[in-house]
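These notes concern the structure reproduced below.
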Amino acid sequence: MFWGILEKLECMSKEKGKVYEERGCEYLRENGFEIIERNFFSRFGEIDIIALKDNVLHFIEVKGSEKYYRIDSITPSKLKKINQTIRFYFCKNSLEFDYCIDALIVCGDEVSLIENITL
């Protein structure tokens, strides 16, 4: 019974995540970004959205909530995984671009982009 409840919660969480990512993509397009890829996976982790603007690749972590969201949920451990995944992405695709890591916060109807997050 416990595992069934856990699976249901995980499924609901993934569905909400997709909604937040879709809102985020709409926001990015409206602000001049070209969406290159979504949900890029590697053995190190996942990048929610990869977008291009002004010849800079943006690797974007999407976080969302209906009431509030705190940016500090993107931990140093999460940033390390994102960086490893970015290196893998560049290597796999034989790319050379300037890049940055961004956070896209979706809170209720409000969307905010925080560019170039670092430790």
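Identifiers in the structure tokens: chain A, B, ... in order shown; residue index from 1 per chain; ligand index from 1 in order shown.
Omitting Asp102 (chain A) and its sequence neighbours fewer than 4 positions away, and counting only C-alpha atoms, the residues within 9 Å are His58, Phe59, Ile60, Glu61, Val62, Leu113, Ile114, Glu115, Asn116, Ile117 and Thr118 of chain A.
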Can you write out the residues you just picked, keeping C-alpha atoms, as a CSV table (one decimal), in the first residue's frame?
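Wrote it out as result30.csv, contents follow:
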chain,number,residue,atom,x,y,z
A,58,HIS,CA,21.1,28.8,-21.0
A,59,PHE,CA,20.8,25.6,-18.9
A,60,ILE,CA,17.7,26.2,-16.9
A,61,GLU,CA,16.5,24.5,-13.7
A,62,VAL,CA,12.7,24.9,-13.3
A,113,LEU,CA,14.1,34.0,-14.4
A,114,ILE,CA,17.2,34.3,-12.3
A,115,GLU,CA,20.1,34.2,-14.7
A,116,ASN,CA,23.6,32.9,-14.0
A,117,ILE,CA,23.1,31.3,-10.6
A,118,THR,CA,26.3,30.2,-8.8
(request) If you run DSSP over the backbone, which residues in chain A end up alpha helix (DSSP H)? Put them as an MDAnalysis selection string. (result) chainID A and resid 2:30 76:93
(message) Need the shell around Phe90 (chain A): protein/DNA/RNA residues with any atom at most 12 Å away, counting only C-alpha atoms. Skip same-chain ones fewer than 5 positions apart. Format as a PyMOL selection string?
(response) chain A and resi 40+42+50+57+59+83-85+95-99
Residues as selected, N, CA and C atoms, written as a PDB file, in the first residue's frame, can you do that?
ATOM      1  N   PHE A  40      16.852  17.039 -20.858  1.00  0.00           N
ATOM      2  CA  PHE A  40      18.058  16.345 -21.311  1.00  0.00           C
ATOM      3  C   PHE A  40      18.615  15.530 -20.148  1.00  0.00           C
ATOM      4  N   SER A  42      21.391  12.672 -18.552  1.00  0.00           N
ATOM      5  CA  SER A  42      22.679  11.993 -18.606  1.00  0.00           C
ATOM      6  C   SER A  42      22.759  11.129 -17.349  1.00  0.00           C
ATOM      7  N   ILE A  50      17.021  23.611 -22.086  1.00  0.00           N
ATOM      8  CA  ILE A  50      18.212  24.210 -22.691  1.00  0.00           C
ATOM      9  C   ILE A  50      17.697  25.190 -23.733  1.00  0.00           C
ATOM     10  N   LEU A  57      24.091  29.743 -24.516  1.00  0.00           N
ATOM     11  CA  LEU A  57      23.227  28.637 -24.111  1.00  0.00           C
ATOM     12  C   LEU A  57      22.867  28.803 -22.645  1.00  0.00           C
ATOM     13  N   PHE A  59      21.221  26.864 -19.507  1.00  0.00           N
ATOM     14  CA  PHE A  59      20.814  25.583 -18.929  1.00  0.00           C
ATOM     15  C   PHE A  59      19.940  25.924 -17.732  1.00  0.00           C
ATOM     16  N   ASN A  83      26.291  20.884 -13.546  1.00  0.00           N
ATOM     17  CA  ASN A  83      27.559  21.152 -14.216  1.00  0.00           C
ATOM     18  C   ASN A  83      28.108  19.910 -14.914  1.00  0.00           C
ATOM     19  N   GLN A  84      28.015  18.757 -14.270  1.00  0.00           N
ATOM     20  CA  GLN A  84      28.471  17.512 -14.892  1.00  0.00           C
ATOM     21  C   GLN A  84      27.638  17.194 -16.135  1.00  0.00           C
ATOM     22  N   THR A  85      26.347  17.428 -16.045  1.00  0.00           N
ATOM     23  CA  THR A  85      25.457  17.177 -17.179  1.00  0.00           C
ATOM     24  C   THR A  85      25.749  18.147 -18.322  1.00  0.00           C
ATOM     25  N   LEU A  95      29.940  20.791 -29.067  1.00  0.00           N
ATOM     26  CA  LEU A  95      29.580  22.212 -29.109  1.00  0.00           C
ATOM     27  C   LEU A  95      30.590  23.061 -28.353  1.00  0.00           C
ATOM     28  N   GLU A  96      30.668  24.305 -28.788  1.00  0.00           N
ATOM     29  CA  GLU A  96      31.417  25.319 -28.052  1.00  0.00           C
ATOM     30  C   GLU A  96      30.556  26.574 -28.030  1.00  0.00           C
ATOM     31  N   PHE A  97      30.043  26.904 -26.877  1.00  0.00           N
ATOM     32  CA  PHE A  97      29.198  28.082 -26.696  1.00  0.00           C
ATOM     33  C   PHE A  97      29.518  28.684 -25.341  1.00  0.00           C
ATOM     34  N   ASP A  98      29.301  29.985 -25.217  1.00  0.00           N
ATOM     35  CA  ASP A  98      29.223  30.563 -23.887  1.00  0.00           C
ATOM     36  C   ASP A  98      27.938  30.019 -23.284  1.00  0.00           C
ATOM     37  N   TYR A  99      27.924  29.853 -21.973  1.00  0.00           N
ATOM     38  CA  TYR A  99      26.723  29.321 -21.341  1.00  0.00           C
ATOM     39  C   TYR A  99      26.578  29.857 -19.929  1.00  0.00           C
TER      40      TYR A  99
END
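In this structure, CA of Lys63 (chain A) sits 7.8 Å away from CA of Gly17 (chain A).
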(request) Rounded to one decimal place, report the CA of Arg43 (chain A)-CA of Tyr89 (chain A) distance in Å. (result) 11.1 Å
(request) Give the strand (DSSP E) residues of chain A, as assigned by DSSP on the backbone, as a PyMOL selection string. (result) chain A and resi 34-41+46-53+56-65+98-107+110-114
Dump as an mmCIF file, in the first residue's frame, selection limited to C-alpha atoms:
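Generated output (part.cif):
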data_model
loop_
_atom_site.group_PDB
_atom_site.id
_atom_site.type_symbol
_atom_site.label_atom_id
_atom_site.label_comp_id
_atom_site.auth_asym_id
_atom_site.auth_seq_id
_atom_site.Cartn_x
_atom_site.Cartn_y
_atom_site.Cartn_z
ATOM 1 C CA GLU A 34 14.816 29.694 -28.523
ATOM 2 C CA ILE A 35 14.085 26.382 -26.806
ATOM 3 C CA ILE A 36 16.755 23.915 -27.946
ATOM 4 C CA GLU A 37 15.913 20.903 -25.797
ATOM 5 C CA ARG A 38 13.849 19.838 -22.820
ATOM 6 C CA ASN A 39 14.542 17.195 -20.195
ATOM 7 C CA PHE A 40 18.058 16.345 -21.311
ATOM 8 C CA PHE A 41 19.218 13.305 -19.323
ATOM 9 C CA GLU A 46 18.849 16.186 -15.908
ATOM 10 C CA ILE A 47 18.612 19.651 -17.402
ATOM 11 C CA ASP A 48 14.987 20.828 -17.510
ATOM 12 C CA ILE A 49 15.350 23.304 -20.379
ATOM 13 C CA ILE A 50 18.212 24.210 -22.691
ATOM 14 C CA ALA A 51 17.593 27.498 -24.477
ATOM 15 C CA LEU A 52 19.563 29.885 -26.672
ATOM 16 C CA LYS A 53 19.532 33.672 -26.550
ATOM 17 C CA VAL A 56 24.552 32.053 -25.140
ATOM 18 C CA LEU A 57 23.227 28.637 -24.111
ATOM 19 C CA HIS A 58 21.090 28.760 -20.976
ATOM 20 C CA PHE A 59 20.814 25.583 -18.929
ATOM 21 C CA ILE A 60 17.668 26.156 -16.923
ATOM 22 C CA GLU A 61 16.470 24.473 -13.738
ATOM 23 C CA VAL A 62 12.708 24.892 -13.330
ATOM 24 C CA LYS A 63 11.230 25.079 -9.837
ATOM 25 C CA GLY A 64 7.587 25.647 -9.090
ATOM 26 C CA SER A 65 4.904 25.887 -6.475
ATOM 27 C CA ASP A 98 29.223 30.563 -23.887
ATOM 28 C CA TYR A 99 26.723 29.321 -21.341
ATOM 29 C CA CYS A 100 25.142 29.996 -17.991
ATOM 30 C CA ILE A 101 22.992 28.173 -15.481
ATOM 31 C CA ASP A 102 19.661 29.814 -14.733
ATOM 32 C CA ALA A 103 16.751 29.161 -12.397
ATOM 33 C CA LEU A 104 13.214 29.635 -13.627
ATOM 34 C CA ILE A 105 10.771 30.003 -10.768
ATOM 35 C CA VAL A 106 7.075 29.445 -11.426
ATOM 36 C CA CYS A 107 4.948 30.480 -8.473
ATOM 37 C CA GLU A 110 4.132 34.493 -11.759
ATOM 38 C CA VAL A 111 7.281 33.407 -13.611
ATOM 39 C CA SER A 112 10.747 34.739 -12.774
ATOM 40 C CA LEU A 113 14.063 34.001 -14.429
ATOM 41 C CA ILE A 114 17.188 34.255 -12.313
#
(message) From the options A:Leu79, A:Ser94, A:Gly32, A:Lys16, which residue's atoms come nearest to Asp54 (chain A), counting only C-alpha atoms?
(response)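 Going through A:Leu79, A:Ser94, A:Gly32, A:Lys16 one by one, the smallest distance to Asp54 (chain A) is for A:Gly32.
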(message) I'd like the interatomic distance between CA of Gly24 (chain A) and CA of Asp109 (chain A), to a tenth of an Å.
(response) 10.8 Å
